[in-house]
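These notes concern the structure reproduced below.
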There are 2 protein chains.
Amino acid sequence: MIRSRVYEEDRLVRAFVPAHITAFFVPVIRDKPSESGSLGAGVNLDKGTTVFLSPDESSHGIRVLFNGNPVNRSEAVISYAVAEEVTRNHEDRGFEVWQYFDFPNGYGFGNSAGGALGTALVTGYVSSRTLLDVARIAHRYEVIHRGGLGDVVAQLAGGVDIRTKAGEPGVAVVDNIITCGLYVVSIYLGPLKTKDVLDDDVLSSIKNKGKEALKRLLKFPSVPLMMELARGFSEDVGLLDGELASIANELDRVTSVRSSMIMLGRGVFSFVSYKELPAVERLLSDLDVQYDVSKVYCGRPLVEMWRGSPSRKTKSGH
Amino acid sequence: MIRSRVYEEDRLVRAFVPAHITAFFVPVIRDKPSESGSLGAGVNLDKGTTVFLSPDESSHGIRVLFNGNPVNRSEAVISYAVAEEVTRNHEDRGFEVWQYFDFPNGYGFGNSAGGALGTALVTGYVSSRTLLDVARIAHRYEVIHRGGLGDVVAQLAGGVDIRTKAGEPGVAVVDNIITCGLYVVSIYLGPLKTKDVLDDDVLSSIKNKGKEALKRLLKFPSVPLMMELARGFSEDVGLLDGELASIANELDRVTSVRSSMIMLGRGVFSFVSYKELPAVERLLSDLDVQYDVSKVYCGRPLVEMWRGSPSRKTKSGH
């Protein structure tokens with residue numbers, strides 16, 4: 001049964017979920033998705049995934065679109081599963097879920113979790129479901145379909161996150177380094193297929209090195225130490241290849257905090273101060289690589305009625 | 001040992017913590033503050049407590065000021081305790097903690113927790129402490145000195161909160177009704193001394209009625225139901241006196257969602273749509289009562305370097 005919204009006419013619902021870059025991690029895989037997830041550290045960005053929910057009067061069921069293009073069930077298995085479960089009590093109605101990504105898919109920016117959580121939030125908004133209730137559903141399908149392990153709970157927390165207990169939303173414990181206002185530069189060369197790189201040896205190394213990094217970070221939590229540990233982690237587990245290492249080293253020459261690898265994508269990221277930005281941008285322009293500059297996102301995911309163009313923002317709408 | 005901030009000169013640190021109104025609650029008091037807290041529901045506002053941290057070069061130790069006026073230890077026992085514990089490794093330095101409140105103290109807006117958490121955040125920002133680490137300290141002194149039980153964890157979550165598990169930050173589970181953009185009108189007649197009203201009979205009634213309200217809300221979580229349950233709660237526990245009930249009834253005539261009592265203050269609050277606002281404001285002006293209009297605050301508490309006047313916001317500062 002759809003709850004009729006008390007205050008709003010039937011406008012689009014919009015959710016924003018920050019992009020999430022993992023710096024280092026420890027996968028935690030249990031029989032139950034509710035206990036699965038990951039430990040580690042990362043950062044949420046003020047760009048990410050925007051999801052719109054639009055009632056589709058002409059049909060029933062769910063239709064998912066990525067950047068304006070309809071995608072079928074096999075291309076968006078997590079989003080379809082999330083939307084169908086959250087709206088399962090009103091299958092007589094049709095919904096379109098429009099997902100827009102600021103970063104390319106598969107490059108390590110948590111797009112999968114962004115789409116899952118954003119879909120959960122917009123469908124949850126029009127149903128009688130709470131935030132944790134629908135966020136758990138997003139986490140569960142992320143884990144089941146291996147979209148990601150810790151992105152959903154990190155995105156719910158925002159900021160520079162330290163995940164100290166794995167599990168679904170409400171079970172996981174996500175702490176934060178108290179910092180805002182920093183810039184994050186990310187250079188992305190290409191996607192990285194999780195399956196291709198995570199053989200048993202690498203996985204075992206990731207678990208050991210990740211645990212060690214987390215333990216050290218919790219003793220003196222700070223962004224510089226987090227990035228130092230992340231760099232060591234990415235080198236130790238053997239994922240930082242020559243081209244990435246070379247970019248990371250170049251960046252280190254113009255930033256005071258060390259750069260490290262995006263887990264998991266063929267990319268590098270770094271925290272940068274306002275003053276360091278011009279030199280960083282000059283360097284990246286010389287290197288001729290695809291890059292982005294965002295700020296740390298310290299809020300929670302947003303859900304709201306979308307009033308369209310600014311002219312409709314005023315007064316009674318119509 | 002003070003961590004030297006990597007990116008910033010020695011400017012003021014500012015934190016904002018939303019005001020928190022409790023709609024209904026179940027106190028949970030255990031031997032350990034970490035397991036104590038409250039269950040229930042409430043709402044965070046986009047006004048609240050702003051805390052500045054200023055290094056005091058001329059002395060050492062902590063000095064707390066409320067709205068610009070120095071307060072001694074007995075008037076601000078929680079803030080002093082929090083600030084001293086967070087900064088305990090650098091007692092050689094002096095700090096001034098300036099707290100500014102948008103609402104009067106003791107009226108049920110969570111000022112005590114706002115001051116405690118805001119103090120924890122600004123002092124945590126200049127130390128190597130994480131968000132949960134310092135928020136736990138704020139919660140603990142809130143519980144020990146009976147400032148509040150559930151405000152800190154609710155303020156950390158933001159939004160319209162449903163507290164489903166009591167305890168300190170990282171232990172408590174705080175859910176949200178997925179909603180933003182609503183206005184909250186609060187009418188405040190005066191403070192309410194918790195000790196005066198909470199005799200054993202009232203407390204026992206609060207526990208029973210609060211549990212029942214929470215159970216019902218979780219079945220169909222929505223703002224209208226939350227307020228319906230809150231109104232029943234405040235009547236059943238006998239705290240909604242004649243004057244408050246009369247204001248609540250007047251408000252109900254011009255709003256679609258029921259109003260209820262601020263727990264705990266001599267006040268009434270109500271969720272109001274944009275369209276209902278003019279009629280509500282006319283009514284409250286006629287009634288000649290002190291009131292405020294805020295919006296639901298859906299973010300997390302903010303901590304940032306404060307750059308002072310807009311002219312200093314640009315470029316290199318000095």
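Labels used: A, B, ... for chains in the order of the structure tokens, numbers from 1 for residues in each chain, and numbers from 1 for ligands as shown.
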| said: Using only C-alpha atoms, which protein or nucleic acid residues come within 8 Å of region 84-93 of chain A? Drop anything in the same chain fewer than 4 positions from it, and give the result as JSON, numbers by chain. | reply: {"A": [1, 2, 55, 56, 57, 59, 60, 61, 62, 80, 120, 123, 124, 127, 129, 134, 137]}
Kindly provide the residues of chain B that approach chain A to within 7 Å, each paired with its closest atom pair and their distance in Å to one decimal, based on only C-alpha atoms, listed by chain and increasing number, as CSV.
residue,atom,partner,partner_atom,distance
B:Tyr7,CA,A:Ser273,CA,6.1
B:Tyr125,CA,A:Ile178,CA,5.6
B:Ser128,CA,A:Pro221,CA,5.7
B:Arg129,CA,A:Pro221,CA,6.4
B:Thr130,CA,A:Ile177,CA,5.0
B:Leu131,CA,A:Asn176,CA,5.2
B:Leu132,CA,A:Asp175,CA,5.6
B:Gly170,CA,A:Val173,CA,5.8
B:Val173,CA,A:Gly170,CA,5.8
B:Asp175,CA,A:Leu132,CA,5.6
B:Asn176,CA,A:Leu131,CA,5.2
B:Ile177,CA,A:Thr130,CA,5.0
B:Ile178,CA,A:Tyr125,CA,5.5
B:Thr179,CA,A:Glu304,CA,7.0
B:Cys180,CA,A:Glu304,CA,6.0
B:Phe220,CA,A:Ser128,CA,5.8
B:Pro221,CA,A:Ser128,CA,5.7
B:Ser222,CA,A:Ser128,CA,6.6
B:Ser273,CA,A:Tyr7,CA,6.1
B:Gly299,CA,A:Gly299,CA,5.0
B:Arg300,CA,A:Gly299,CA,5.5
B:Val303,CA,A:Cys180,CA,6.9
B:Glu304,CA,A:Cys180,CA,6.0
| request: Fewer than 3 positions away in the same chain doesn't count, so skip those; otherwise give me all residues within 9 Å of Gly232 (chain A), counting only C-alpha atoms, as a list in words. | output: Lys209, Ala213, Met227, Glu228, Leu229, Glu235, Asp236, Val237 and Ser260 of chain A
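Atom pair CA of Ala248 (chain B) / CA of Val43 (chain B) has a distance of 17.5 Å (rounded to one decimal).
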| request: Find the spatial neighbours of Glu35 (chain A), counting only C-alpha atoms, within a cut-off of 9 Å - ignore same-chain residues fewer than 2 positions away - and output them as a PyMOL selection string. | output: chain A and resi 28-33+37+166-168+171-172
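Of all the residues in region 115-285 of chain B, the ones DSSP labels as strand (DSSP E) from the backbone are Val160, Asp161, Ile162, Arg163, Thr164, Lys165, Val173, Val174, Asp175, Asn176, Ile177, Tyr183, Val184, Val185, Ser186, Ile187, Tyr188, Leu189, Gly190, Ser260, Met261, Arg266, Gly267, Val268, Phe269, Ser270, Phe271 and Val272 of chain B.
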Using DSSP assignments from the backbone, pull out every residue in region 86-229 of chain B that falls under helix (DSSP H, G or I) and give it to me as an mmCIF file with N, CA, C and O atoms, in the first residue's frame.
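Produced file out_9.cif, reproduced below:
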data_model
loop_
_atom_site.group_PDB
_atom_site.id
_atom_site.type_symbol
_atom_site.label_atom_id
_atom_site.label_comp_id
_atom_site.auth_asym_id
_atom_site.auth_seq_id
_atom_site.Cartn_x
_atom_site.Cartn_y
_atom_site.Cartn_z
ATOM 1 N N VAL B 86 38.539 15.518 26.404
ATOM 2 C CA VAL B 86 39.012 15.415 25.014
ATOM 3 C C VAL B 86 40.412 16.011 24.866
ATOM 4 O O VAL B 86 41.238 15.504 24.105
ATOM 5 N N ARG B 88 42.731 16.254 27.205
ATOM 6 C CA ARG B 88 43.519 15.942 28.409
ATOM 7 C C ARG B 88 44.997 15.729 28.134
ATOM 8 O O ARG B 88 45.818 15.860 29.040
ATOM 9 N N ASN B 89 45.328 15.423 26.867
ATOM 10 C CA ASN B 89 46.746 15.204 26.563
ATOM 11 C C ASN B 89 47.495 16.491 26.232
ATOM 12 O O ASN B 89 48.659 16.453 25.877
ATOM 13 N N HIS B 90 46.800 17.593 26.285
ATOM 14 C CA HIS B 90 47.523 18.851 26.070
ATOM 15 C C HIS B 90 47.018 19.924 27.016
ATOM 16 O O HIS B 90 46.510 20.966 26.609
ATOM 17 N N ASN B 111 19.678 21.600 24.159
ATOM 18 C CA ASN B 111 20.838 22.501 24.250
ATOM 19 C C ASN B 111 21.994 21.863 25.005
ATOM 20 O O ASN B 111 23.159 22.072 24.659
ATOM 21 N N SER B 112 21.671 21.129 26.043
ATOM 22 C CA SER B 112 22.722 20.530 26.859
ATOM 23 C C SER B 112 23.557 19.579 26.005
ATOM 24 O O SER B 112 24.788 19.662 25.975
ATOM 25 N N ALA B 113 22.884 18.701 25.280
ATOM 26 C CA ALA B 113 23.589 17.760 24.400
ATOM 27 C C ALA B 113 24.256 18.495 23.257
ATOM 28 O O ALA B 113 25.349 18.129 22.820
ATOM 29 N N GLY B 114 23.609 19.555 22.755
ATOM 30 C CA GLY B 114 24.197 20.354 21.684
ATOM 31 C C GLY B 114 25.516 20.962 22.134
ATOM 32 O O GLY B 114 26.509 20.946 21.403
ATOM 33 N N GLY B 115 25.526 21.493 23.357
ATOM 34 C CA GLY B 115 26.753 22.061 23.908
ATOM 35 C C GLY B 115 27.809 20.986 24.133
ATOM 36 O O GLY B 115 28.990 21.174 23.832
ATOM 37 N N ALA B 116 27.366 19.843 24.648
ATOM 38 C CA ALA B 116 28.300 18.750 24.937
ATOM 39 C C ALA B 116 28.908 18.202 23.645
ATOM 40 O O ALA B 116 30.132 18.058 23.524
ATOM 41 N N LEU B 117 28.055 17.920 22.666
ATOM 42 C CA LEU B 117 28.539 17.345 21.402
ATOM 43 C C LEU B 117 29.344 18.374 20.613
ATOM 44 O O LEU B 117 30.401 18.052 20.046
ATOM 45 N N GLY B 118 28.866 19.625 20.588
ATOM 46 C CA GLY B 118 29.598 20.677 19.883
ATOM 47 C C GLY B 118 30.981 20.876 20.488
ATOM 48 O O GLY B 118 31.978 21.023 19.765
ATOM 49 N N THR B 119 31.050 20.859 21.815
ATOM 50 C CA THR B 119 32.337 20.988 22.501
ATOM 51 C C THR B 119 33.235 19.803 22.168
ATOM 52 O O THR B 119 34.435 19.956 21.909
ATOM 53 N N ALA B 120 32.652 18.610 22.157
ATOM 54 C CA ALA B 120 33.423 17.406 21.826
ATOM 55 C C ALA B 120 33.980 17.501 20.411
ATOM 56 O O ALA B 120 35.132 17.135 20.153
ATOM 57 N N LEU B 121 33.165 18.020 19.484
ATOM 58 C CA LEU B 121 33.591 18.069 18.085
ATOM 59 C C LEU B 121 34.705 19.088 17.854
ATOM 60 O O LEU B 121 35.674 18.799 17.148
ATOM 61 N N VAL B 122 34.570 20.280 18.425
ATOM 62 C CA VAL B 122 35.621 21.287 18.181
ATOM 63 C C VAL B 122 36.927 20.909 18.863
ATOM 64 O O VAL B 122 38.015 21.121 18.307
ATOM 65 N N THR B 123 36.843 20.342 20.059
ATOM 66 C CA THR B 123 38.083 19.916 20.717
ATOM 67 C C THR B 123 38.629 18.649 20.046
ATOM 68 O O THR B 123 39.848 18.488 19.923
ATOM 69 N N GLY B 124 37.727 17.787 19.582
ATOM 70 C CA GLY B 124 38.153 16.587 18.858
ATOM 71 C C GLY B 124 38.838 16.934 17.550
ATOM 72 O O GLY B 124 39.760 16.241 17.111
ATOM 73 N N TYR B 125 38.386 18.018 16.935
ATOM 74 C CA TYR B 125 38.944 18.441 15.649
ATOM 75 C C TYR B 125 40.428 18.791 15.773
ATOM 76 O O TYR B 125 41.207 18.522 14.872
ATOM 77 N N LEU B 131 35.281 11.002 15.411
ATOM 78 C CA LEU B 131 33.929 11.475 15.718
ATOM 79 C C LEU B 131 33.272 10.632 16.805
ATOM 80 O O LEU B 131 32.750 11.163 17.797
ATOM 81 N N LEU B 132 33.266 9.311 16.642
ATOM 82 C CA LEU B 132 32.591 8.459 17.633
ATOM 83 C C LEU B 132 33.294 8.529 18.974
ATOM 84 O O LEU B 132 32.653 8.505 20.035
ATOM 85 N N ASP B 133 34.600 8.609 18.936
ATOM 86 C CA ASP B 133 35.410 8.680 20.138
ATOM 87 C C ASP B 133 34.966 9.874 21.006
ATOM 88 O O ASP B 133 34.667 9.733 22.203
ATOM 89 N N VAL B 134 34.873 11.046 20.414
ATOM 90 C CA VAL B 134 34.511 12.230 21.206
ATOM 91 C C VAL B 134 33.000 12.297 21.456
ATOM 92 O O VAL B 134 32.561 12.808 22.495
ATOM 93 N N ALA B 135 32.205 11.771 20.524
ATOM 94 C CA ALA B 135 30.754 11.787 20.734
ATOM 95 C C ALA B 135 30.374 10.889 21.913
ATOM 96 O O ALA B 135 29.431 11.174 22.658
ATOM 97 N N ARG B 136 31.127 9.807 22.087
ATOM 98 C CA ARG B 136 30.900 8.936 23.249
ATOM 99 C C ARG B 136 31.141 9.687 24.550
ATOM 100 O O ARG B 136 30.450 9.476 25.539
ATOM 101 N N ILE B 137 32.160 10.538 24.549
ATOM 102 C CA ILE B 137 32.468 11.323 25.755
ATOM 103 C C ILE B 137 31.312 12.287 26.046
ATOM 104 O O ILE B 137 30.871 12.428 27.192
ATOM 105 N N ALA B 138 30.794 12.932 25.010
ATOM 106 C CA ALA B 138 29.648 13.839 25.193
ATOM 107 C C ALA B 138 28.445 13.076 25.750
ATOM 108 O O ALA B 138 27.788 13.516 26.690
ATOM 109 N N HIS B 139 28.169 11.919 25.174
ATOM 110 C CA HIS B 139 27.041 11.100 25.640
ATOM 111 C C HIS B 139 27.231 10.704 27.102
ATOM 112 O O HIS B 139 26.295 10.787 27.906
ATOM 113 N N ARG B 140 28.445 10.284 27.442
ATOM 114 C CA ARG B 140 28.681 9.784 28.788
ATOM 115 C C ARG B 140 28.393 10.862 29.837
ATOM 116 O O ARG B 140 27.693 10.626 30.811
ATOM 117 N N TYR B 141 28.918 12.101 29.601
ATOM 118 C CA TYR B 141 28.699 13.148 30.601
ATOM 119 C C TYR B 141 27.261 13.645 30.585
ATOM 120 O O TYR B 141 26.743 14.082 31.606
ATOM 121 N N GLU B 142 26.614 13.564 29.442
ATOM 122 C CA GLU B 142 25.180 13.860 29.400
ATOM 123 C C GLU B 142 24.416 12.911 30.327
ATOM 124 O O GLU B 142 23.544 13.329 31.085
ATOM 125 N N VAL B 143 24.752 11.638 30.244
ATOM 126 C CA VAL B 143 24.050 10.633 31.061
ATOM 127 C C VAL B 143 24.397 10.801 32.539
ATOM 128 O O VAL B 143 23.521 10.828 33.403
ATOM 129 N N ILE B 144 25.689 10.950 32.822
ATOM 130 C CA ILE B 144 26.135 11.046 34.221
ATOM 131 C C ILE B 144 25.507 12.254 34.907
ATOM 132 O O ILE B 144 25.015 12.164 36.029
ATOM 133 N N ASP B 151 19.647 12.577 23.293
ATOM 134 C CA ASP B 151 19.839 13.701 22.370
ATOM 135 C C ASP B 151 21.100 13.572 21.528
ATOM 136 O O ASP B 151 21.083 13.833 20.322
ATOM 137 N N VAL B 152 22.216 13.188 22.140
ATOM 138 C CA VAL B 152 23.483 13.143 21.400
ATOM 139 C C VAL B 152 23.380 12.194 20.203
ATOM 140 O O VAL B 152 23.734 12.551 19.080
ATOM 141 N N VAL B 153 22.865 10.993 20.425
ATOM 142 C CA VAL B 153 22.806 10.042 19.299
ATOM 143 C C VAL B 153 21.793 10.489 18.250
ATOM 144 O O VAL B 153 21.972 10.261 17.054
ATOM 145 N N ALA B 154 20.716 11.139 18.696
ATOM 146 C CA ALA B 154 19.735 11.657 17.735
ATOM 147 C C ALA B 154 20.356 12.778 16.907
ATOM 148 O O ALA B 154 20.166 12.843 15.690
ATOM 149 N N GLN B 155 21.098 13.668 17.546
ATOM 150 C CA GLN B 155 21.722 14.789 16.835
ATOM 151 C C GLN B 155 22.780 14.299 15.847
ATOM 152 O O GLN B 155 22.984 14.897 14.793
ATOM 153 N N LEU B 156 23.450 13.215 16.172
ATOM 154 C CA LEU B 156 24.432 12.647 15.246
ATOM 155 C C LEU B 156 23.754 12.124 13.985
ATOM 156 O O LEU B 156 24.344 12.121 12.906
ATOM 157 N N ALA B 157 22.517 11.649 14.125
ATOM 158 C CA ALA B 157 21.808 11.070 12.982
ATOM 159 C C ALA B 157 21.112 12.134 12.147
ATOM 160 O O ALA B 157 21.033 12.029 10.928
ATOM 161 N N THR B 194 13.208 18.588 34.744
ATOM 162 C CA THR B 194 12.988 17.144 34.637
ATOM 163 C C THR B 194 12.700 16.530 36.004
ATOM 164 O O THR B 194 11.771 15.746 36.169
ATOM 165 N N LYS B 195 13.491 16.919 36.988
ATOM 166 C CA LYS B 195 13.338 16.342 38.328
ATOM 167 C C LYS B 195 11.946 16.594 38.898
ATOM 168 O O LYS B 195 11.389 15.761 39.608
ATOM 169 N N ASP B 196 11.382 17.760 38.601
ATOM 170 C CA ASP B 196 10.090 18.123 39.189
ATOM 171 C C ASP B 196 8.944 17.268 38.671
ATOM 172 O O ASP B 196 7.983 16.993 39.390
ATOM 173 N N VAL B 197 9.032 16.906 37.391
ATOM 174 C CA VAL B 197 7.883 16.203 36.803
ATOM 175 C C VAL B 197 8.031 14.684 36.809
ATOM 176 O O VAL B 197 7.034 13.963 36.801
ATOM 177 N N ASP B 200 8.142 8.752 40.325
ATOM 178 C CA ASP B 200 8.152 7.338 39.932
ATOM 179 C C ASP B 200 6.919 6.939 39.130
ATOM 180 O O ASP B 200 7.013 6.152 38.184
ATOM 181 N N ASP B 201 5.751 7.472 39.501
ATOM 182 C CA ASP B 201 4.531 7.121 38.782
ATOM 183 C C ASP B 201 4.592 7.591 37.330
ATOM 184 O O ASP B 201 4.267 6.847 36.401
ATOM 185 N N VAL B 202 5.004 8.836 37.147
ATOM 186 C CA VAL B 202 5.092 9.383 35.795
ATOM 187 C C VAL B 202 6.122 8.598 34.972
ATOM 188 O O VAL B 202 5.883 8.237 33.822
ATOM 189 N N LEU B 203 7.252 8.297 35.616
ATOM 190 C CA LEU B 203 8.308 7.562 34.916
ATOM 191 C C LEU B 203 7.832 6.191 34.453
ATOM 192 O O LEU B 203 8.104 5.774 33.315
ATOM 193 N N SER B 204 7.119 5.526 35.309
ATOM 194 C CA SER B 204 6.626 4.195 34.954
ATOM 195 C C SER B 204 5.626 4.295 33.803
ATOM 196 O O SER B 204 5.635 3.474 32.880
ATOM 197 N N SER B 205 4.787 5.303 33.849
ATOM 198 C CA SER B 205 3.832 5.520 32.775
ATOM 199 C C SER B 205 4.552 5.860 31.459
ATOM 200 O O SER B 205 4.196 5.369 30.389
ATOM 201 N N ILE B 206 5.580 6.707 31.551
ATOM 202 C CA ILE B 206 6.364 7.084 30.364
ATOM 203 C C ILE B 206 6.964 5.849 29.706
ATOM 204 O O ILE B 206 6.912 5.675 28.484
ATOM 205 N N LYS B 207 7.511 4.959 30.536
ATOM 206 C CA LYS B 207 8.134 3.751 29.986
ATOM 207 C C LYS B 207 7.113 2.906 29.227
ATOM 208 O O LYS B 207 7.362 2.455 28.114
ATOM 209 N N ASN B 208 5.959 2.685 29.843
ATOM 210 C CA ASN B 208 4.952 1.838 29.199
ATOM 211 C C ASN B 208 4.388 2.469 27.935
ATOM 212 O O ASN B 208 4.309 1.837 26.887
ATOM 213 N N LYS B 209 3.989 3.715 28.066
ATOM 214 C CA LYS B 209 3.368 4.381 26.912
ATOM 215 C C LYS B 209 4.380 4.627 25.807
ATOM 216 O O LYS B 209 4.052 4.580 24.620
ATOM 217 N N GLY B 210 5.614 4.920 26.202
ATOM 218 C CA GLY B 210 6.658 5.156 25.202
ATOM 219 C C GLY B 210 6.953 3.905 24.394
ATOM 220 O O GLY B 210 7.091 3.958 23.157
ATOM 221 N N LYS B 211 7.039 2.780 25.081
ATOM 222 C CA LYS B 211 7.289 1.518 24.373
ATOM 223 C C LYS B 211 6.177 1.197 23.388
ATOM 224 O O LYS B 211 6.420 0.744 22.271
ATOM 225 N N GLU B 212 4.946 1.441 23.835
ATOM 226 C CA GLU B 212 3.795 1.153 22.983
ATOM 227 C C GLU B 212 3.818 2.047 21.735
ATOM 228 O O GLU B 212 3.584 1.585 20.621
ATOM 229 N N ALA B 213 4.094 3.341 21.954
ATOM 230 C CA ALA B 213 4.127 4.281 20.825
ATOM 231 C C ALA B 213 5.206 3.871 19.821
ATOM 232 O O ALA B 213 4.988 3.888 18.599
ATOM 233 N N LEU B 214 6.378 3.487 20.333
ATOM 234 C CA LEU B 214 7.481 3.108 19.450
ATOM 235 C C LEU B 214 7.114 1.882 18.616
ATOM 236 O O LEU B 214 7.367 1.833 17.408
ATOM 237 N N LYS B 215 6.503 0.920 19.262
ATOM 238 C CA LYS B 215 6.109 -0.311 18.570
ATOM 239 C C LYS B 215 5.134 0.007 17.435
ATOM 240 O O LYS B 215 5.273 -0.514 16.319
ATOM 241 N N ARG B 216 4.186 0.869 17.737
ATOM 242 C CA ARG B 216 3.200 1.219 16.698
ATOM 243 C C ARG B 216 3.826 2.010 15.559
ATOM 244 O O ARG B 216 3.511 1.805 14.396
ATOM 245 N N LEU B 217 4.715 2.935 15.903
ATOM 246 C CA LEU B 217 5.337 3.763 14.866
ATOM 247 C C LEU B 217 6.168 2.915 13.911
ATOM 248 O O LEU B 217 6.179 3.153 12.697
ATOM 249 N N LEU B 218 6.845 1.912 14.464
ATOM 250 C CA LEU B 218 7.724 1.093 13.622
ATOM 251 C C LEU B 218 6.933 0.245 12.634
ATOM 252 O O LEU B 218 7.467 -0.184 11.614
ATOM 253 N N LYS B 219 5.653 0.008 12.936
ATOM 254 C CA LYS B 219 4.833 -0.752 11.978
ATOM 255 C C LYS B 219 4.497 0.065 10.739
ATOM 256 O O LYS B 219 4.474 -0.453 9.633
ATOM 257 N N VAL B 223 5.471 10.601 9.569
ATOM 258 C CA VAL B 223 5.399 11.767 10.456
ATOM 259 C C VAL B 223 4.003 11.944 11.058
ATOM 260 O O VAL B 223 3.878 12.185 12.261
ATOM 261 N N PRO B 224 2.925 11.831 10.253
ATOM 262 C CA PRO B 224 1.600 12.003 10.861
ATOM 263 C C PRO B 224 1.335 10.996 11.991
ATOM 264 O O PRO B 224 0.807 11.365 13.049
ATOM 265 N N LEU B 225 1.730 9.747 11.785
ATOM 266 C CA LEU B 225 1.512 8.751 12.842
ATOM 267 C C LEU B 225 2.389 9.044 14.048
ATOM 268 O O LEU B 225 1.946 8.938 15.198
ATOM 269 N N MET B 226 3.619 9.445 13.809
ATOM 270 C CA MET B 226 4.509 9.784 14.916
ATOM 271 C C MET B 226 3.888 10.859 15.806
ATOM 272 O O MET B 226 3.912 10.766 17.039
ATOM 273 N N MET B 227 3.297 11.873 15.182
ATOM 274 C CA MET B 227 2.738 12.983 15.959
ATOM 275 C C MET B 227 1.432 12.580 16.655
ATOM 276 O O MET B 227 1.141 13.036 17.756
ATOM 277 N N GLU B 228 0.660 11.734 16.013
ATOM 278 C CA GLU B 228 -0.540 11.198 16.647
ATOM 279 C C GLU B 228 -0.156 10.415 17.915
ATOM 280 O O GLU B 228 -0.765 10.591 18.983
ATOM 281 N N LEU B 229 0.853 9.595 17.779
ATOM 282 C CA LEU B 229 1.312 8.793 18.916
ATOM 283 C C LEU B 229 1.927 9.674 20.002
ATOM 284 O O LEU B 229 1.753 9.431 21.199
#
| field | Non-local contacts of Phe101 (chain A) (10 Å; only C-alpha atoms; under 3 positions in same chain excluded) as a list in words | value | Val17, Ala19, Lys47, Gly48, Thr49, Thr50, Val51, Phe66, Asn67, Pro104, Asn105, Phe109, Asn111, Ser112, Gly114 and Gly115 of chain A
I need the chosen residues saved as a compact mmCIF listing (two decimals), in the first residue's frame, with N, CA, C and O atoms.
# COMPACT_ATOMS: atom_id res chain seq x y z
N VAL A 17 23.42 10.26 -3.44
CA VAL A 17 24.31 9.42 -2.63
C VAL A 17 25.74 9.74 -3.04
O VAL A 17 26.07 9.72 -4.24
N ALA A 19 29.67 9.62 -3.98
CA ALA A 19 30.64 8.63 -4.43
C ALA A 19 31.51 8.25 -3.24
O ALA A 19 31.75 9.08 -2.35
N LYS A 47 30.36 14.62 -5.26
CA LYS A 47 29.73 14.13 -6.49
C LYS A 47 29.40 12.67 -6.27
O LYS A 47 29.92 12.06 -5.34
N GLY A 48 28.56 12.09 -7.11
CA GLY A 48 28.22 10.69 -6.89
C GLY A 48 27.06 10.26 -7.75
O GLY A 48 27.09 10.45 -8.96
N THR A 49 26.04 9.70 -7.12
CA THR A 49 24.90 9.15 -7.85
C THR A 49 23.64 9.91 -7.48
O THR A 49 23.34 10.10 -6.31
N THR A 50 22.93 10.35 -8.50
CA THR A 50 21.64 11.01 -8.29
C THR A 50 20.56 10.09 -8.87
O THR A 50 20.70 9.60 -9.99
N VAL A 51 19.53 9.85 -8.09
CA VAL A 51 18.48 8.94 -8.53
C VAL A 51 17.14 9.66 -8.46
O VAL A 51 16.82 10.29 -7.45
N PHE A 66 20.06 4.04 -16.74
CA PHE A 66 21.38 4.56 -16.36
C PHE A 66 21.69 5.74 -17.28
O PHE A 66 21.76 5.57 -18.51
N ASN A 67 21.93 6.90 -16.72
CA ASN A 67 22.27 8.08 -17.52
C ASN A 67 21.32 8.28 -18.70
O ASN A 67 21.73 8.63 -19.80
N PRO A 104 32.40 7.17 -13.98
CA PRO A 104 32.08 5.97 -14.78
C PRO A 104 31.92 4.74 -13.89
O PRO A 104 32.50 4.65 -12.81
N ASN A 105 31.11 3.80 -14.35
CA ASN A 105 30.88 2.56 -13.60
C ASN A 105 32.10 1.65 -13.63
O ASN A 105 32.78 1.54 -14.64
N PHE A 109 34.24 4.04 -7.63
CA PHE A 109 33.63 5.19 -6.97
C PHE A 109 32.33 4.82 -6.24
O PHE A 109 31.57 5.70 -5.83
N ASN A 111 29.65 3.41 -7.43
CA ASN A 111 28.42 3.64 -8.21
C ASN A 111 27.36 2.59 -7.95
O ASN A 111 26.17 2.90 -7.89
N SER A 112 27.79 1.34 -7.83
CA SER A 112 26.84 0.26 -7.64
C SER A 112 26.05 0.50 -6.35
O SER A 112 24.81 0.47 -6.33
N GLY A 114 25.84 3.33 -4.76
CA GLY A 114 25.12 4.59 -4.92
C GLY A 114 23.78 4.38 -5.59
O GLY A 114 22.76 4.92 -5.17
N GLY A 115 23.79 3.56 -6.65
CA GLY A 115 22.53 3.24 -7.33
C GLY A 115 21.60 2.44 -6.45
O GLY A 115 20.39 2.69 -6.40
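The residue that comes closest to Ser74 (chain B), out of B:Tyr107, B:His145, B:Phe25, B:Val268 and on the basis of only C-alpha atoms, is B:His145.
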| query | Contacts of Val185 (chain A) at 8 Å or less, counting only C-alpha atoms, minus same-chain residues fewer than 4 places along, as a PyMOL selection string? | reply | chain A and resi 269-272+291-294
| said: Can you pull out the residues contacting region 278-284 of chain B? Cut-off 7 Å, using only C-alpha atoms, and skip same-chain residues under 5 positions away; I want them as JSON, numbers by chain. | reply: {"B": [251, 254, 289]}
Store the residues of this selection in a file with C-alpha atoms, as a CSV table (one decimal), in the first residue's frame.
chain,number,residue,atom,x,y,z
B,251,LEU,CA,-2.7,24.5,16.1
B,254,VAL,CA,-4.8,25.0,11.0
B,289,VAL,CA,3.2,33.4,22.2
